[in-house]
file work_4.txt (compact mmCIF, C-alpha atoms and all ligand atoms)
# COMPACT_ATOMS: atom_id res chain seq x y z
CA MET A 1 20.20 -19.25 16.48
CA SER A 2 21.37 -17.72 19.71
CA ASP A 3 19.38 -18.21 22.88
CA GLU A 4 18.88 -14.48 23.09
CA LEU A 5 17.48 -14.27 19.56
CA GLU A 6 15.22 -17.22 20.26
CA ARG A 7 13.99 -15.55 23.45
CA GLN A 8 13.28 -12.31 21.61
CA ARG A 9 11.37 -14.13 18.90
CA ARG A 10 9.21 -15.85 21.45
CA GLU A 11 8.61 -12.54 23.15
CA ILE A 12 7.55 -10.72 20.00
CA HIS A 13 5.38 -13.64 18.95
CA SER A 14 3.55 -13.58 22.30
CA VAL A 15 3.05 -9.83 22.00
CA LEU A 16 1.77 -9.90 18.44
CA GLN A 17 -0.30 -13.04 18.48
CA GLN A 18 -2.59 -12.72 21.47
CA PRO A 19 -4.98 -15.68 21.66
CA GLY A 20 -8.18 -15.00 19.77
CA VAL A 21 -7.28 -11.49 18.65
CA ARG A 22 -7.85 -10.89 14.96
CA PRO A 23 -9.19 -8.00 12.90
CA ASP A 24 -12.67 -9.47 12.78
CA ASP A 25 -14.11 -12.97 13.23
CA SER A 26 -15.39 -12.95 9.71
CA VAL A 27 -12.07 -12.14 8.10
CA GLN A 28 -11.35 -14.43 5.24
CA ILE A 29 -9.33 -14.36 2.11
CA THR A 30 -11.02 -15.62 -0.98
CA ARG A 31 -10.15 -15.45 -4.59
CA ARG A 32 -12.70 -14.76 -7.24
CA THR A 33 -11.84 -15.54 -10.78
CA PHE A 34 -13.41 -13.80 -13.70
CA VAL A 35 -12.73 -14.45 -17.32
CA HIS A 36 -10.52 -12.09 -19.25
CA ARG A 37 -12.30 -10.08 -21.88
CA SER A 38 -9.77 -11.10 -24.49
CA LEU A 39 -10.94 -14.69 -24.20
CA LEU A 40 -14.35 -13.60 -25.41
CA PHE A 41 -12.93 -12.34 -28.66
CA GLY A 42 -10.34 -15.07 -28.94
CA ALA A 43 -12.65 -18.05 -28.56
CA ALA A 44 -15.35 -18.38 -31.17
CA THR A 45 -17.16 -21.07 -29.21
CA VAL A 46 -17.80 -18.73 -26.33
CA GLY A 47 -20.99 -16.89 -27.12
CA GLN A 48 -22.74 -16.44 -23.82
CA THR A 49 -24.05 -13.05 -22.93
CA PHE A 50 -23.15 -12.98 -19.27
CA ALA A 51 -20.76 -10.36 -18.06
CA TRP A 52 -17.12 -10.64 -19.01
CA TRP A 53 -14.60 -9.01 -16.81
CA PRO A 54 -10.87 -8.68 -16.78
CA LEU A 55 -9.70 -11.67 -14.82
CA LEU A 56 -9.32 -10.35 -11.32
CA ASN A 57 -8.67 -11.80 -7.97
CA THR A 58 -10.10 -10.25 -4.88
CA ILE A 59 -9.45 -10.34 -1.21
CA ASP A 60 -12.57 -10.33 0.91
CA ILE A 61 -12.29 -8.39 4.12
CA ALA A 62 -14.95 -7.59 6.61
CA HIS A 63 -16.53 -4.22 7.08
CA ALA A 64 -19.87 -2.73 7.92
CA ALA A 65 -20.84 0.23 5.86
CA GLU A 66 -24.02 2.26 5.60
CA ALA A 67 -24.27 1.89 1.83
CA PRO A 68 -22.24 0.08 -0.80
CA PHE A 69 -19.57 2.02 -2.58
CA LYS A 70 -16.24 1.63 -4.28
CA PHE A 71 -13.12 3.66 -4.26
CA ALA A 72 -9.97 3.33 -6.34
CA TRP A 73 -6.27 3.35 -5.49
CA ILE A 74 -3.33 4.28 -7.71
CA SER A 75 0.21 4.68 -6.41
CA ASP A 76 3.91 4.43 -7.14
CA THR A 77 3.82 5.87 -10.62
CA HIS A 78 7.46 7.08 -10.32
CA LEU A 79 7.15 9.53 -13.18
CA TYR A 80 10.15 10.83 -15.03
CA GLU A 81 9.88 13.79 -17.32
CA LYS A 82 8.38 12.84 -20.66
CA SER A 83 11.58 13.74 -22.49
CA LEU A 84 13.46 11.04 -20.53
CA ASN A 85 11.00 8.21 -20.42
CA THR A 86 7.43 7.68 -21.56
CA ARG A 87 6.73 4.11 -20.45
CA PHE A 88 5.82 5.13 -16.91
CA VAL A 89 3.70 7.94 -18.33
CA GLU A 90 1.77 5.49 -20.52
CA LYS A 91 0.92 3.38 -17.51
CA VAL A 92 -0.42 6.25 -15.41
CA VAL A 93 -2.48 7.43 -18.37
CA ARG A 94 -3.92 3.93 -18.66
CA ALA A 95 -4.69 3.68 -14.94
CA ALA A 96 -6.35 7.11 -15.00
CA LYS A 97 -8.52 6.06 -17.96
CA ASP A 98 -9.45 2.82 -16.22
CA VAL A 99 -10.52 4.63 -13.05
CA GLN A 100 -12.44 7.26 -15.01
CA ALA A 101 -14.24 4.46 -16.90
CA MET A 102 -15.48 2.70 -13.77
CA ASP A 103 -19.24 2.26 -13.98
CA PRO A 104 -20.74 3.04 -11.58
CA PRO A 105 -17.97 5.50 -10.80
CA ALA A 106 -15.79 5.12 -7.77
CA ASP A 107 -16.70 7.52 -4.96
CA PHE A 108 -13.12 8.77 -4.77
CA LEU A 109 -9.51 8.03 -5.69
CA ILE A 110 -6.64 7.63 -3.27
CA PHE A 111 -3.22 8.39 -4.67
CA GLY A 112 -0.81 6.53 -2.40
CA GLY A 113 2.51 8.29 -3.00
CA ASP A 114 5.64 8.15 -5.19
CA LEU A 115 3.99 10.15 -7.94
CA ALA A 116 7.44 11.43 -8.98
CA GLN A 117 10.72 9.56 -9.37
CA LEU A 118 13.20 12.24 -8.30
CA GLY A 119 10.87 14.77 -6.65
CA LYS A 120 11.21 17.27 -9.50
CA ILE A 121 8.69 20.02 -10.08
CA GLU A 122 8.23 18.80 -13.67
CA GLU A 123 7.54 15.24 -12.53
CA LEU A 124 5.01 16.24 -9.89
CA GLU A 125 3.25 18.60 -12.29
CA LEU A 126 3.16 15.94 -15.00
CA GLY A 127 1.51 13.51 -12.58
CA ASN A 128 -0.96 16.12 -11.43
CA GLU A 129 -1.90 16.85 -15.06
CA ILE A 130 -2.46 13.19 -15.91
CA LEU A 131 -4.54 12.55 -12.80
CA LYS A 132 -6.74 15.55 -13.63
CA GLU A 133 -8.35 13.24 -16.18
CA ILE A 134 -9.97 11.54 -13.20
CA LYS A 135 -12.97 13.68 -12.29
CA ILE A 136 -14.01 12.06 -9.00
CA PRO A 137 -12.64 13.51 -5.72
CA LYS A 138 -8.96 12.70 -5.17
CA HIS A 139 -6.99 12.42 -1.94
CA PHE A 140 -3.18 12.32 -1.88
CA ILE A 141 -0.55 11.04 0.51
CA PRO A 142 3.17 11.47 -0.21
CA GLY A 143 5.90 8.95 -0.98
CA GLU A 144 9.60 9.44 -0.31
CA HIS A 145 10.26 10.05 -4.01
CA ASP A 146 7.91 13.04 -3.91
CA TRP A 147 9.50 14.59 -0.86
CA TYR A 148 13.25 14.65 -0.46
CA LEU A 149 14.32 17.02 -3.22
CA ASP A 150 12.62 20.09 -1.73
CA MET A 151 11.31 18.49 1.52
CA GLY A 152 7.72 18.40 0.35
CA LYS A 153 7.42 22.02 -0.81
CA LYS A 154 6.10 21.42 -4.32
CA TRP A 155 4.04 18.41 -3.22
CA GLY A 156 2.32 20.55 -0.58
CA GLU A 157 1.59 23.31 -3.10
CA LEU A 158 -0.11 20.83 -5.40
CA PHE A 159 -1.86 18.50 -2.97
CA GLY A 160 -2.19 20.24 0.39
CA LYS A 161 -1.68 18.65 3.78
CA PRO A 162 -0.26 15.11 3.80
CA THR A 163 -2.31 14.11 6.87
CA TRP A 164 -6.10 14.16 6.75
CA THR A 165 -9.31 12.40 7.68
CA PHE A 166 -12.91 12.26 6.45
CA ASP A 167 -15.97 10.12 7.05
CA HIS A 168 -17.78 8.46 4.17
CA LYS A 169 -20.86 6.24 4.43
CA GLY A 170 -20.05 4.89 7.86
CA VAL A 171 -16.30 4.49 7.39
CA ARG A 172 -13.65 6.80 8.83
CA PHE A 173 -10.84 7.29 6.32
CA VAL A 174 -7.44 8.55 7.41
CA GLY A 175 -4.39 9.55 5.36
CA LEU A 176 -1.02 9.51 7.12
CA ASP A 177 2.39 10.75 6.05
CA THR A 178 5.01 8.05 6.67
CA VAL A 179 7.84 9.64 4.70
CA SER A 180 8.68 13.13 5.96
CA ARG A 181 10.20 12.26 9.34
CA GLY A 182 13.39 10.57 8.19
CA PRO A 183 16.51 11.18 10.27
CA ASP A 184 18.83 13.88 8.90
CA TYR A 185 21.52 12.02 6.95
CA TRP A 186 22.36 14.93 4.67
CA THR A 187 23.39 17.99 6.70
CA ALA A 188 26.57 16.60 8.25
CA LYS A 189 27.60 15.19 4.88
CA LYS A 190 26.85 18.51 3.15
CA MET A 191 24.69 16.83 0.52
CA THR A 192 22.97 18.74 -2.24
CA PRO A 193 19.18 18.29 -2.49
CA GLU A 194 19.81 16.05 -5.52
CA GLU A 195 22.20 13.86 -3.53
CA ARG A 196 19.73 13.67 -0.65
CA MET A 197 17.01 12.61 -3.07
CA GLY A 198 19.32 10.13 -4.76
CA HIS A 199 19.80 8.18 -1.55
CA MET A 200 16.04 8.02 -1.11
CA ALA A 201 15.59 6.72 -4.63
CA THR A 202 17.33 3.40 -3.99
CA LEU A 203 15.54 0.40 -2.54
CA ASP A 204 18.36 -0.81 -0.32
CA GLY A 205 19.38 2.66 0.83
CA THR A 206 21.81 2.26 3.70
CA VAL A 207 22.69 5.97 3.70
CA ALA A 208 19.11 7.16 4.14
CA GLY A 209 18.54 4.52 6.82
CA PRO A 210 15.22 3.98 8.58
CA TRP A 211 13.34 6.96 7.19
CA ALA A 212 9.85 5.49 7.32
CA GLY A 213 7.90 6.47 10.42
CA VAL A 214 4.67 8.03 11.61
CA GLY A 215 6.09 10.23 14.37
CA ARG A 216 4.79 11.03 17.83
CA ASP A 217 2.99 14.18 16.70
CA GLN A 218 1.03 12.34 14.04
CA LEU A 219 0.27 9.45 16.41
CA ASP A 220 -1.19 11.93 18.88
CA TRP A 221 -3.19 13.50 16.06
CA LEU A 222 -4.48 10.04 15.05
CA GLN A 223 -5.47 9.14 18.60
CA ASN A 224 -7.29 12.44 18.85
CA LYS A 225 -9.11 12.01 15.54
CA LEU A 226 -10.29 8.50 16.45
CA ALA A 227 -11.38 9.39 20.00
CA ASP A 228 -15.01 10.03 19.03
CA TRP A 229 -15.26 7.03 16.71
CA ASP A 230 -17.18 3.95 17.83
CA LYS A 231 -14.70 1.14 18.53
CA SER A 232 -16.63 -1.31 16.36
CA LYS A 233 -17.02 0.95 13.33
CA PRO A 234 -14.69 0.57 10.36
CA ILE A 235 -11.54 2.61 9.92
CA VAL A 236 -9.42 2.61 6.78
CA ILE A 237 -5.93 4.11 7.06
CA PHE A 238 -3.94 4.96 3.95
CA THR A 239 -0.17 5.08 4.23
CA HIS A 240 2.70 4.94 1.78
CA ASN A 241 4.68 2.45 3.89
CA PRO A 242 3.13 -0.59 5.57
CA LEU A 243 2.18 -0.07 9.23
CA TYR A 244 4.01 -3.18 10.34
CA GLU A 245 7.50 -4.60 10.14
CA TYR A 246 7.82 -6.51 6.90
CA TYR A 247 11.38 -5.75 5.75
CA PRO A 248 13.20 -2.80 7.41
CA PRO A 249 16.27 -2.70 5.11
CA TRP A 250 13.95 -1.58 2.30
CA ASN A 251 11.80 0.54 4.61
CA PHE A 252 8.95 -1.93 4.09
CA TRP A 253 7.72 -0.87 7.55
CA VAL A 254 7.39 2.17 9.78
CA ARG A 255 9.95 2.18 12.55
CA ASP A 256 7.30 3.12 15.16
CA TRP A 257 4.81 0.46 14.07
CA ARG A 258 4.35 -0.80 17.62
CA ASP A 259 3.23 2.67 18.72
CA VAL A 260 0.79 2.74 15.81
CA HIS A 261 -0.75 -0.50 17.00
CA GLU A 262 -1.04 0.79 20.53
CA VAL A 263 -3.23 3.58 19.17
CA LEU A 264 -5.28 1.26 16.96
CA LYS A 265 -5.68 -1.62 19.41
CA PRO A 266 -9.09 -0.60 20.83
CA TYR A 267 -10.68 -0.53 17.35
CA THR A 268 -11.90 -3.84 15.95
CA LYS A 269 -12.19 -3.13 12.22
CA VAL A 270 -9.04 -1.42 11.06
CA THR A 271 -7.68 -1.79 7.55
CA ASN A 272 -4.38 -0.30 6.44
CA ILE A 273 -3.97 0.09 2.69
CA HIS A 274 -0.43 0.92 1.64
CA GLY A 275 1.86 1.40 -1.34
CA HIS A 276 5.68 1.52 -1.50
CA VAL A 277 6.16 -2.26 -1.70
CA HIS A 278 4.91 -2.44 -5.32
CA GLN A 279 3.50 -5.92 -4.68
CA VAL A 280 0.53 -7.89 -3.39
CA LEU A 281 0.75 -8.36 0.38
CA TYR A 282 -1.60 -9.24 3.20
CA ASN A 283 -0.88 -9.25 6.92
CA GLU A 284 -2.67 -9.03 10.24
CA ILE A 285 -1.45 -7.76 13.57
CA GLY A 286 -3.95 -7.81 16.40
CA THR A 287 -7.12 -6.15 15.15
CA THR A 288 -5.46 -4.45 12.18
CA ARG A 289 -5.06 -5.85 8.72
CA SER A 290 -2.67 -4.44 6.12
CA ILE A 291 -3.03 -4.79 2.37
CA GLY A 292 -0.18 -4.01 -0.01
CA MET A 293 -1.05 -2.50 -3.38
CA LEU A 294 0.38 -2.75 -6.88
CA ALA A 295 2.46 0.02 -8.40
CA THR A 296 1.86 1.23 -11.93
CA SER A 297 5.62 1.59 -12.49
CA TRP A 298 7.34 -1.73 -11.74
CA PRO A 299 6.98 -4.62 -9.27
CA TRP A 300 9.57 -4.97 -6.51
CA PRO A 301 10.70 -8.48 -5.64
CA TYR A 302 9.43 -10.02 -2.44
CA ALA A 303 11.71 -9.55 0.55
CA PRO A 304 14.49 -12.15 0.82
CA GLU A 305 13.20 -13.22 4.22
CA GLY A 306 9.81 -14.14 2.81
CA VAL A 307 6.33 -12.65 2.98
CA PRO A 308 3.88 -12.50 5.89
CA LYS A 309 2.21 -15.85 6.44
CA LEU A 310 -1.22 -14.65 5.32
CA THR A 311 0.03 -13.27 2.01
CA LYS A 312 -0.93 -15.06 -1.13
CA PRO A 313 1.94 -13.98 -3.35
CA MET A 314 1.46 -12.51 -6.79
CA ILE A 315 2.66 -14.28 -9.89
CA ARG A 316 6.11 -13.70 -11.33
CA VAL A 317 6.35 -11.03 -13.92
CA ASP A 318 7.21 -11.20 -17.59
CA PRO A 319 10.16 -8.79 -17.86
CA GLY A 320 9.44 -8.28 -21.54
CA ASP A 321 6.03 -6.74 -20.85
CA HIS A 322 6.11 -3.45 -19.00
CA PHE A 323 2.39 -3.68 -18.31
CA ASP A 324 2.91 -6.95 -16.44
CA GLY A 325 3.09 -7.17 -12.66
CA VAL A 326 1.73 -3.65 -12.26
CA GLY A 327 -1.66 -2.00 -12.11
CA TRP A 328 -4.12 -0.41 -9.70
CA GLU A 329 -6.94 -1.42 -7.39
CA LYS A 330 -10.67 -1.08 -6.81
CA ILE A 331 -11.84 -1.46 -3.25
CA ALA A 332 -15.53 -2.18 -2.67
CA VAL A 333 -17.21 -1.53 0.64
CA ASN A 334 -20.55 -3.32 0.79
CA PRO A 335 -23.19 -3.56 3.49
CA GLY A 336 -24.48 -6.88 4.71
CA ASN A 337 -26.96 -8.18 7.21
CA GLN A 338 -24.49 -8.48 10.00
CA VAL A 339 -21.04 -8.31 8.53
CA ALA A 340 -20.32 -6.77 5.19
CA LYS A 341 -17.32 -7.34 2.99
CA ASP A 342 -14.70 -5.34 1.24
CA ASP A 343 -13.37 -6.56 -2.03
CA VAL A 344 -9.92 -5.48 -3.10
CA GLU A 345 -9.56 -6.12 -6.78
CA TYR A 346 -6.02 -6.16 -8.08
CA VAL A 347 -6.18 -4.97 -11.66
CA MET A 348 -2.97 -6.35 -13.10
CA TRP A 349 -3.01 -5.51 -16.78
CA GLY A 350 -0.56 -8.03 -18.12
CA ARG A 351 -2.04 -11.09 -16.48
CA LYS A 352 -5.18 -13.12 -16.41
CA GLU A 353 -4.25 -14.42 -12.99
CA VAL A 354 -2.85 -12.38 -10.15
CA PHE A 355 -1.92 -14.86 -7.46
CA ILE A 356 0.44 -17.81 -7.45
CA GLN A 357 -1.57 -20.96 -8.02
CA SER A 358 0.90 -23.64 -7.10
CA GLU A 359 1.74 -23.90 -3.44
CA SER A 360 5.17 -25.27 -4.13
CA ASP A 361 5.85 -22.25 -6.27
CA TYR A 362 5.64 -19.74 -3.46
CA GLY A 363 6.85 -21.69 -0.47
CA GLY A 364 3.55 -21.43 1.35
CA ASN A 365 4.63 -24.16 3.73
CA THR A 366 7.72 -22.30 4.84
CA PRO A 367 7.18 -21.06 8.38
CA GLU A 368 6.93 -17.32 8.71
CA ILE A 369 10.11 -15.77 10.02
CA LEU A 370 9.27 -13.53 12.92
CA ARG A 371 12.37 -11.48 13.31
CA ALA A 372 13.21 -10.31 16.75
CA ARG A 373 13.69 -6.63 17.33
CA ILE A 374 16.93 -6.68 15.37
CA ALA A 375 15.69 -3.79 13.29
CA ASP A 376 14.96 -1.73 16.37
CA ASN A 377 18.42 -2.42 17.66
CA MET A 378 19.91 -1.38 14.36
CA TYR A 379 17.68 1.64 13.94
CA PRO A 380 16.80 3.08 17.33
CA TYR A 381 14.15 5.77 17.05
FE FE A 401 7.37 3.42 -4.93
FE FE A 402 8.12 4.58 -1.78
call {"tool": "encode", "arguments": {"input": "work_4.txt", "output": "structure tokens", "more": "lines below"}}
Ligand SMILES: [Fe+2]
Ligand SMILES: [Fe+2]
result
Amino acid sequence: MSDELERQRREIHSVLQQPGVRPDDSVQITRRTFVHRSLLFGAATVGQTFAWWPLLNTIDIAHAAEAPFKFAWISDTHLYEKSLNTRFVEKVVRAAKDVQAMDPPADFLIFGGDLAQLGKIEELELGNEILKEIKIPKHFIPGEHDWYLDMGKKWGELFGKPTWTFDHKGVRFVGLDTVSRGPDYWTAKKMTPEERMGHMATLDGTVAGPWAGVGRDQLDWLQNKLADWDKSKPIVIFTHNPLYEYYPPWNFWVRDWRDVHEVLKPYTKVTNIHGHVHQVLYNEIGTTRSIGMLATSWPWPYAPEGVPKLTKPMIRVDPGDHFDGVGWEKIAVNPGNQVAKDDVEYVMWGRKEVFIQSESDYGGNTPEILRARIADNMYPY
């Protein structure tokens, strides 16, 4: 490693890891294991009457809320038209039924983007129709697959503004658009809308480049919207892309993530819940924690440079089962005496266990690679 790279790594480490700064003192990650319902029917010797749940694992995160409630998250459905492919349709239908069956019902659903695969009117309308089966309030943020065919026109007609905020039981919720401010890679090359969309629809899209970002205008909006919010009260920010730098070549980041954290720094209980990565992730920067959610469509591999140190990776997926490695999430916000907890439940249909159990299996002892600002040098913004 060059001296310069080493110096930059030390610099970024000292910036990101200030002594004693964490999202909340009570932050902890725990796993809760429930027994899969199928075991009840499969094992004759098991006759107890206590509750049987799908086997879920949860991440406990700290929050203070006025009253307990749950909300649900579905994202990355990547719908094709039914005439082309029904397996993705089946999975959204299943997720919608699951959410609708929650008892007590979730207070609301967040749809975290990539409803469509190629941004087509038919795909977006199909997704909208399926999600209508969910009767609780729904809030939508866009993914790049929804946007770059018509630059968000149809998405906006169906779902309204991509940036929003509301307060619910002591928590300020914010939806941000991290997809629409990509640099123009199409005009000079005289691309058709389909070609423009095509470059967005690949994971390792070198032509589309660093499209994920929040943008100065939205950062100013965010700062404004948080100005009257008590610094110690909880904030939950929904984004399609993670609000930190995980893996820039796949846009597993926003290119202005440092500016985002400048805005969020004064607030002590910030949680970012994001899609796009199609995998279980957990990370902390300063006072903000980020949680990556499952897709219903397919799981992406983990980045070749490894996962954030605090991530407990999800299990490998059975490629023969298209319900494996995918699913949706329930997020519980519960009050407590002093510090309450959030539970994020990964509902992964194909598996009884969600997280890797064996340390040697996921390289948990490998030191986290803190890349220097290579990405910023490659992708100036
Ligand atoms: Fe996606
Ligand atoms: Fe995406």
call {"tool": "atom_distance", "arguments": {"input": "work_4.txt", "atom1": "CA of Asp220 in chain A", "atom2": "CA of Leu243 in chain A"}}
result
15.8 Å
call {"tool": "residues_near_ligand", "arguments": {"input": "work_4.txt", "ligand": "ligand FE 402 (chain A)", "cutoff": "6 Å", "atoms": "all atoms listed in the file", "output": "list in words"}}
result
Asp114, Gly143, Glu144 and His276 of chain A
call {"tool": "closest_residue", "arguments": {"input": "work_4.txt", "among": "A:Asp321, A:Glu123, A:Asp146, A:Asp98", "to": "ligand FE 401 (chain A)", "atoms": "all atoms listed in the file"}}
result
A:Asp146
call {"tool": "atom_distance", "arguments": {"input": "work_4.txt", "atom1": "CA of Leu109 in chain A", "atom2": "CA of Ala303 in chain A"}}
result
28.3 Å
call {"tool": "residues_near_ligand", "arguments": {"input": "work_4.txt", "ligand": "ligand FE 401 (chain A)", "cutoff": "8 Å", "atoms": "only C-alpha atoms and all ligand atoms", "output": "PDB file with C-alpha atoms, keeping the file's coordinate frame"}}
result
ATOM      1  CA  SER A  75       0.210   4.680  -6.410  1.00  0.00           C
ATOM      2  CA  ASP A  76       3.910   4.430  -7.140  1.00  0.00           C
ATOM      3  CA  THR A  77       3.820   5.870 -10.620  1.00  0.00           C
ATOM      4  CA  HIS A  78       7.460   7.080 -10.320  1.00  0.00           C
ATOM      5  CA  GLY A 113       2.510   8.290  -3.000  1.00  0.00           C
ATOM      6  CA  ASP A 114       5.640   8.150  -5.190  1.00  0.00           C
ATOM      7  CA  GLY A 143       5.900   8.950  -0.980  1.00  0.00           C
ATOM      8  CA  GLU A 144       9.600   9.440  -0.310  1.00  0.00           C
ATOM      9  CA  HIS A 145      10.260  10.050  -4.010  1.00  0.00           C
ATOM     10  CA  GLY A 275       1.860   1.400  -1.340  1.00  0.00           C
ATOM     11  CA  HIS A 276       5.680   1.520  -1.500  1.00  0.00           C
ATOM     12  CA  VAL A 277       6.160  -2.260  -1.700  1.00  0.00           C
ATOM     13  CA  HIS A 278       4.910  -2.440  -5.320  1.00  0.00           C
ATOM     14  CA  ALA A 295       2.460   0.020  -8.400  1.00  0.00           C
ATOM     15  CA  SER A 297       5.620   1.590 -12.490  1.00  0.00           C
TER      16      SER A 297
END
call {"tool": "residues_around", "arguments": {"input": "work_4.txt", "residues": "Gly198 in chain A", "least_positions_apart": "6", "cutoff": "12 Å", "atoms": "all atoms listed in the file", "output": "number ranges by chain"}}
result
A: 117-120, 144-149, 186, 191-192, 204-208
call {"tool": "axis_aligned_box", "arguments": {"input": "work_4.txt", "around": "range 70-85 of chain A", "padding_each_side": "8 Å", "output": "AutoDock Vina command-line options"}}
result
--center_x -1.4 --center_y 7.7 --center_z -13.4 --size_x 45.7 --size_y 28.2 --size_z 34.2
call {"tool": "atom_distance", "arguments": {"input": "work_4.txt", "atom1": "CA of Val92 in chain A", "atom2": "CA of Ser290 in chain A"}}
result
24.1 Å
call {"tool": "closest_residue", "arguments": {"input": "work_4.txt", "among": "A:Met102, A:Trp155, A:Leu79, A:Lys161", "to": "Leu126 in chain A", "atoms": "all atoms listed in the file"}}
result
A:Leu79
call {"tool": "closest_residue", "arguments": {"input": "work_4.txt", "among": "A:Ala212, A:Leu84, A:Ile315, A:Met197", "to": "Val179 in chain A", "atoms": "only C-alpha atoms"}}
result
A:Ala212
call {"tool": "residues_around", "arguments": {"input": "work_4.txt", "residues": "Ile74 in chain A", "least_positions_apart": "6", "cutoff": "10 Å", "atoms": "only C-alpha atoms", "output": "PyMOL selection string"}}
result
chain A and resi 92+95-96+99+109-113+115+131+140+275+293-296+327-330
